[in-house]
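**Q** Pasting a structure below so you can have a look.
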Amino acid sequence: MKKNRLFLFLRKPIRNTEPLHSIGIPDIYRYIVGPYAKKQTEMLCSITGKDQARKYKAENFDFCTFSGIFHTRNKDGLLQSDLLCIDFDHVTDIPSLHEKLLKDPCFDTELLFRSPSGDGLKWIIQQFPMSWDTNKNLSNELKSKEGIISSKDVEIRGLRAKVTSLTEEVNGLKYRLTLIDENAVERLRNAKNAETSRADKAESELDSLLSAYHNLLRKWNALWMEPEYNEAARKVKERKEREARFAAEKQARYQNILNRFIAEGRVALRAFALSNRTNFNDKEAASIYYGIMAVAHKMDLSLGTKEGIILAVNNFLDGMSWRDCSKFNKECVTNWTHLFAERDVTYEPSIIDNFISFIDYMSYNAETYSSLGGSSGCADLLTNWDGTKKLGLGTPVKKKGQSY
C-alpha cells in the first residue's frame, strides 16, 4: 500500500481555507526549529489571559493539516493522509510525557514537539487507513473498550488514594487505638486489605481489558489490510449509491406520469368546454376521471369522502386553461365537472388500487407510457411480448342508474 505522508501548509489566520502548498515531515520540522515563528511564540507565551492568547494564536500563527490534503479546507474535498496529530494540552510534567510517547510500543513517532503555548505537546504518528463507518460492530466495540478502560483507570486511582489514606490513618493512630480498643486496629487493617484487594482486582481487570482492546485493534488493522474487504466495501457503497439513484429516478418518473394523467384530463375537459356538446364522451370521461384520481393521489386526498372529492376536483380545475371560454361557459363546465365527479362515477378501493399499481408499473421504465387516448379511451390495451394482457385501466365505473 502506498503511503501518503504529505499534508497541507496554510498561512495565517485560522479562517484561511486556501492552502499554500503540500509539505512533508522534514519541511515542517525545519519550520518549527527555524526562526519563522519565534517572535509570535514569545509573544504568545507572554500573554496571560486565555481568551486573548487564543485570539492571538488564531490570528498570528501559520498552520497545517496533518490528516489530509484538499483544494479547499472542508470535509468534501479531503484526501486522507497516513498521519494523525494528537494534542496534549495543559500538561504538568512535559518531560515525563515526552519520554513515554517516544517509547510507546504501539505507535512510531513521526514528530513530537512542544505546543506554542508552552504547556502542551503535539504528537504526530502514523495512522491506519480505516473507514469507521463500514464495520460498525468492531468500531463500536473498540469505543466501548476505550470507555471501560478510562472508567477503570479512574476507579483504580480512586481506590489507590483510599489505600494510601487508610495506610496513613493506620500508621498514625495505631498506638493510640491499641490503648483504647485493640480491635480497632484490626478493623482498620481489614478495611485497608479489602480496599487493596479491590484495587488489585480492578487493575487485573484493566490489564485484561487492555489486552482484549489491543487484540481487537490488531484484528481491525489486519482486516483493513485485506484487499478483498476493501473491494467488497467499495462494491457495497456503489450498490447503495446505484439503488438510491434508481429510486430517485423511479420517483421522478412516477410523478411525471401522474402529471401527464392530470394534463391529459385537463386537455380533454378544455376540448369539451370549447365544443357545443352537453355531455362528456367516453374518451373525455376516462381522461377527466383518471386526471382527478391522479390529483387526489398526488395531494394525498381521500376519494372515499365528499370533502376529498371536492378538494381534488377544485385542484384539478385550478390548473385549467379557460382561454377562449366565456364566463358563463366556464361556470357551466365547472359545475358539470363537479356533478360528474361527485354524482356520476364511483371511486371503489379496488379501482384506486389498480390505478396506483398501474402508475407504479409504468414508472419502472422511463420509456414506457400509455396515453388515455387509445381506441377505447383508456390505457387498458397494454400487452406483453407474448400477447398476454398487461396491467391496465378500465373505463370509469358509473353509479347505478346514472349516465354521463
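Order determines the names: the first chain of the C-alpha cells is A, the second B, and so forth; residues in each chain are numbered 1 upward, and ligands are numbered 1 upward as they are shown.
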Looking only at the backbone, which of the residues in segment 46-223 of chain A does DSSP tag as helix (DSSP H, G or I), as number ranges by chain?
**A** A: 46, 50-60, 75-77, 94-102, 136-180, 182-223
**Q** Using only C-alpha atoms, find the one residue out of A:Ile356, A:Phe272, A:Arg239, A:Met293 that sits nearest to Trp322 of chain A.
**A**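 So, comparing all the options, the nearest one is A:Phe272.
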**Q** Using DSSP secondary structure from the backbone, list all strand (DSSP E) positions within segment 107-242 of chain A, as a list in words.
**A**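 The residues of segment 107-242 of chain A classed as strand (DSSP E) are Thr109, Glu110, Leu111, Leu112, Phe113, Arg114, Leu121, Lys122, Trp123, Ile124, Ile125 and Gln126 of chain A.
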**Q** Can you pull out every residue within 12 Å of Ser208 of chain A, counting only C-alpha atoms, but drop anything in the same chain fewer than 4 positions away, and send it as a PyMOL selection string?
**A** chain A and resi 145+148-149+152+201-204+212-215
**Q** Which residues, written as a list in words, have at least one atom at most 9 Å from segment 257-260 of chain A, with only C-alpha atoms counted and residues fewer than 5 positions away on the same chain left out?
**A**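 In the requested form, the answer reads Ala252, Gly265, Gly291, Ala294, Val295, His297, Lys298, Ile359, Met362, Ser363, Tyr369 and Ser371 of chain A.
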**Q** Would you list the contacts of segment 97-110 of chain A as an mmCIF file with all heavy atoms, in the first residue's frame, taking every protein, DNA or RNA residue within 8 Å and counting only C-alpha atoms, but skipping same-chain residues closer than 3 positions in sequence?
**A**
```cif
data_model
loop_
_atom_site.group_PDB
_atom_site.id
_atom_site.type_symbol
_atom_site.label_atom_id
_atom_site.label_comp_id
_atom_site.auth_asym_id
_atom_site.auth_seq_id
_atom_site.Cartn_x
_atom_site.Cartn_y
_atom_site.Cartn_z
ATOM 1 N N ILE A 25 7.061 15.853 6.608
ATOM 2 C CA ILE A 25 7.579 15.956 7.974
ATOM 3 C C ILE A 25 8.895 16.735 8.024
ATOM 4 O O ILE A 25 9.074 17.624 8.873
ATOM 5 C CB ILE A 25 7.744 14.552 8.587
ATOM 6 C CG1 ILE A 25 6.356 13.923 8.843
ATOM 7 C CG2 ILE A 25 8.533 14.605 9.889
ATOM 8 C CD1 ILE A 25 5.553 14.619 9.900
ATOM 9 N N ASP A 93 3.716 17.646 33.624
ATOM 10 C CA ASP A 93 5.070 17.088 33.558
ATOM 11 C C ASP A 93 5.381 16.746 32.096
ATOM 12 O O ASP A 93 5.238 15.608 31.655
ATOM 13 C CB ASP A 93 5.148 15.840 34.445
ATOM 14 C CG ASP A 93 6.587 15.324 34.579
ATOM 15 O OD1 ASP A 93 7.493 15.913 33.939
ATOM 16 O OD2 ASP A 93 6.789 14.328 35.294
ATOM 17 N N ILE A 94 5.812 17.744 31.352
ATOM 18 C CA ILE A 94 6.059 17.564 29.922
ATOM 19 C C ILE A 94 7.214 16.604 29.647
ATOM 20 O O ILE A 94 7.108 15.729 28.774
ATOM 21 C CB ILE A 94 6.298 18.941 29.250
ATOM 22 C CG1 ILE A 94 4.968 19.688 29.187
ATOM 23 C CG2 ILE A 94 6.880 18.776 27.853
ATOM 24 C CD1 ILE A 94 5.041 21.031 28.508
ATOM 25 N N LEU A 121 1.956 19.252 24.323
ATOM 26 C CA LEU A 121 2.747 18.559 23.320
ATOM 27 C C LEU A 121 1.872 18.230 22.119
ATOM 28 O O LEU A 121 0.667 17.980 22.256
ATOM 29 C CB LEU A 121 3.330 17.259 23.893
ATOM 30 C CG LEU A 121 4.477 17.385 24.901
ATOM 31 C CD1 LEU A 121 4.828 16.017 25.460
ATOM 32 C CD2 LEU A 121 5.704 18.018 24.271
ATOM 33 N N TRP A 123 1.829 15.419 19.102
ATOM 34 C CA TRP A 123 2.423 14.113 18.764
ATOM 35 C C TRP A 123 1.916 13.696 17.389
ATOM 36 O O TRP A 123 0.722 13.479 17.196
ATOM 37 C CB TRP A 123 2.019 13.093 19.826
ATOM 38 C CG TRP A 123 2.735 11.776 19.732
ATOM 39 C CD1 TRP A 123 3.993 11.544 19.283
ATOM 40 C CD2 TRP A 123 2.221 10.502 20.147
ATOM 41 N NE1 TRP A 123 4.312 10.225 19.376
ATOM 42 C CE2 TRP A 123 3.241 9.553 19.911
ATOM 43 C CE3 TRP A 123 1.029 10.072 20.703
ATOM 44 C CZ2 TRP A 123 3.074 8.215 20.197
ATOM 45 C CZ3 TRP A 123 0.868 8.735 20.999
ATOM 46 C CH2 TRP A 123 1.890 7.817 20.749
ATOM 47 N N ILE A 124 2.807 13.580 16.423
ATOM 48 C CA ILE A 124 2.450 13.172 15.067
ATOM 49 C C ILE A 124 2.835 11.705 14.893
ATOM 50 O O ILE A 124 4.010 11.338 15.037
ATOM 51 C CB ILE A 124 3.176 14.031 14.006
ATOM 52 C CG1 ILE A 124 3.105 15.509 14.376
ATOM 53 C CG2 ILE A 124 2.574 13.768 12.635
ATOM 54 C CD1 ILE A 124 1.709 16.052 14.523
ATOM 55 N N ILE A 125 1.853 10.875 14.582
ATOM 56 C CA ILE A 125 2.080 9.437 14.415
ATOM 57 C C ILE A 125 1.453 8.980 13.107
ATOM 58 O O ILE A 125 0.680 9.702 12.478
ATOM 59 C CB ILE A 125 1.476 8.629 15.587
ATOM 60 C CG1 ILE A 125 -0.044 8.858 15.657
ATOM 61 C CG2 ILE A 125 2.146 8.991 16.894
ATOM 62 C CD1 ILE A 125 -0.751 7.994 16.679
ATOM 63 N N GLN A 126 1.800 7.771 12.704
ATOM 64 C CA GLN A 126 1.179 7.170 11.526
ATOM 65 C C GLN A 126 -0.138 6.545 11.929
ATOM 66 O O GLN A 126 -0.240 5.852 12.943
ATOM 67 C CB GLN A 126 2.076 6.108 10.914
ATOM 68 C CG GLN A 126 1.464 5.444 9.677
ATOM 69 C CD GLN A 126 2.298 4.282 9.176
ATOM 70 O OE1 GLN A 126 3.351 3.999 9.710
ATOM 71 N NE2 GLN A 126 1.809 3.600 8.166
#
```
**Q** Which residues are near segment 156-172 of chain A? Cut-off 12 Å, only C-alpha atoms, ignore same chain within fewer than 4 positions. Put them as an mmCIF file with C-alpha atoms, in the first residue's frame.
**A**
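To be explicit, this is the file written out as result.cif:
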```
data_model
loop_
_atom_site.group_PDB
_atom_site.id
_atom_site.type_symbol
_atom_site.label_atom_id
_atom_site.label_comp_id
_atom_site.auth_asym_id
_atom_site.auth_seq_id
_atom_site.Cartn_x
_atom_site.Cartn_y
_atom_site.Cartn_z
ATOM 1 C CA ILE A 149 -10.634 1.345 30.220
ATOM 2 C CA SER A 150 -10.944 5.032 31.003
ATOM 3 C CA SER A 151 -13.512 4.430 33.754
ATOM 4 C CA LYS A 152 -11.425 1.599 35.214
ATOM 5 C CA ARG A 176 -3.434 5.210 70.478
ATOM 6 C CA LEU A 177 -6.134 2.936 69.135
ATOM 7 C CA THR A 178 -4.395 -0.053 70.680
ATOM 8 C CA ALA A 184 -9.971 -1.049 66.122
ATOM 9 C CA VAL A 185 -6.529 -1.677 64.629
ATOM 10 C CA GLU A 186 -7.698 -4.995 63.237
ATOM 11 C CA ARG A 187 -10.805 -3.402 61.728
ATOM 12 C CA LEU A 188 -8.720 -0.719 60.033
ATOM 13 C CA ARG A 189 -6.255 -3.302 58.797
ATOM 14 C CA ASN A 190 -9.107 -5.392 57.365
ATOM 15 C CA ALA A 191 -10.586 -2.314 55.681
ATOM 16 C CA LYS A 192 -7.206 -1.492 54.183
ATOM 17 C CA ASN A 193 -6.734 -5.056 52.958
ATOM 18 C CA ALA A 194 -10.222 -5.074 51.432
ATOM 19 C CA GLU A 195 -9.557 -1.846 49.524
ATOM 20 C CA THR A 196 -6.179 -3.154 48.422
ATOM 21 C CA SER A 197 -7.801 -6.351 47.154
ATOM 22 C CA ARG A 198 -10.402 -4.362 45.245
ATOM 23 C CA ALA A 199 -7.703 -2.176 43.710
ATOM 24 C CA ASP A 200 -5.697 -5.255 42.682
ATOM 25 C CA LYS A 201 -8.795 -6.839 41.152
ATOM 26 C CA ALA A 202 -9.654 -3.665 39.256
ATOM 27 C CA GLU A 203 -6.100 -3.411 37.974
ATOM 28 C CA SER A 204 -6.222 -7.026 36.828
ATOM 29 C CA GLU A 205 -9.496 -6.354 35.016
ATOM 30 C CA LEU A 206 -7.915 -3.309 33.418
ATOM 31 C CA ASP A 207 -4.998 -5.421 32.163
#
```
**Q** Smallest atom-to-atom distance to Trp220 of chain A: which of A:Thr65, A:Ser357, A:Ser46, A:Asn140, using only C-alpha atoms?
**A**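 Of the candidates, the smallest distance to Trp220 of chain A is held by A:Asn140.
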**Q** Just checking: using only C-alpha atoms, which residue out of A:Arg323, A:Arg253, A:Lys235, A:Arg245 ends up closest to Ala271 of chain A?
**A**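 Of all the options, A:Arg323 lies closest to Ala271 of chain A.
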**Q** Using only C-alpha atoms, pick whichever of A:Cys325, A:Ala268, A:Leu6, A:Leu142 has the shortest atom-to-atom distance to Leu210 of chain A.
**A**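 Once distances to Leu210 of chain A are computed over only C-alpha atoms, the minimum belongs to A:Leu142.
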**Q** What lies within 9 Å of Leu301 of chain A using only C-alpha atoms, ignoring chain neighbours under 6 positions off, as a list in words?
**A**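 Non-adjacent residues within range: Val295, Glu307, Gly308, Ile309, Leu311 and Ala312 of chain A.
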**Q** Using Å and a single decimal, report how far atom CA of Phe328 of chain A sits from atom CA of Phe261 of chain A.
**A**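 Taking atom CA of Phe261 of chain A and atom CA of Phe328 of chain A, their separation equals 26.9 Å.
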**Q** Would you mind telling me which residue in A:Val267, A:Cys45, A:Cys64, A:Val33 lies nearest to Leu20 of chain A when using only C-alpha atoms?
**A**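 Answer, going by the shortest atom-to-atom distance: A:Cys64.
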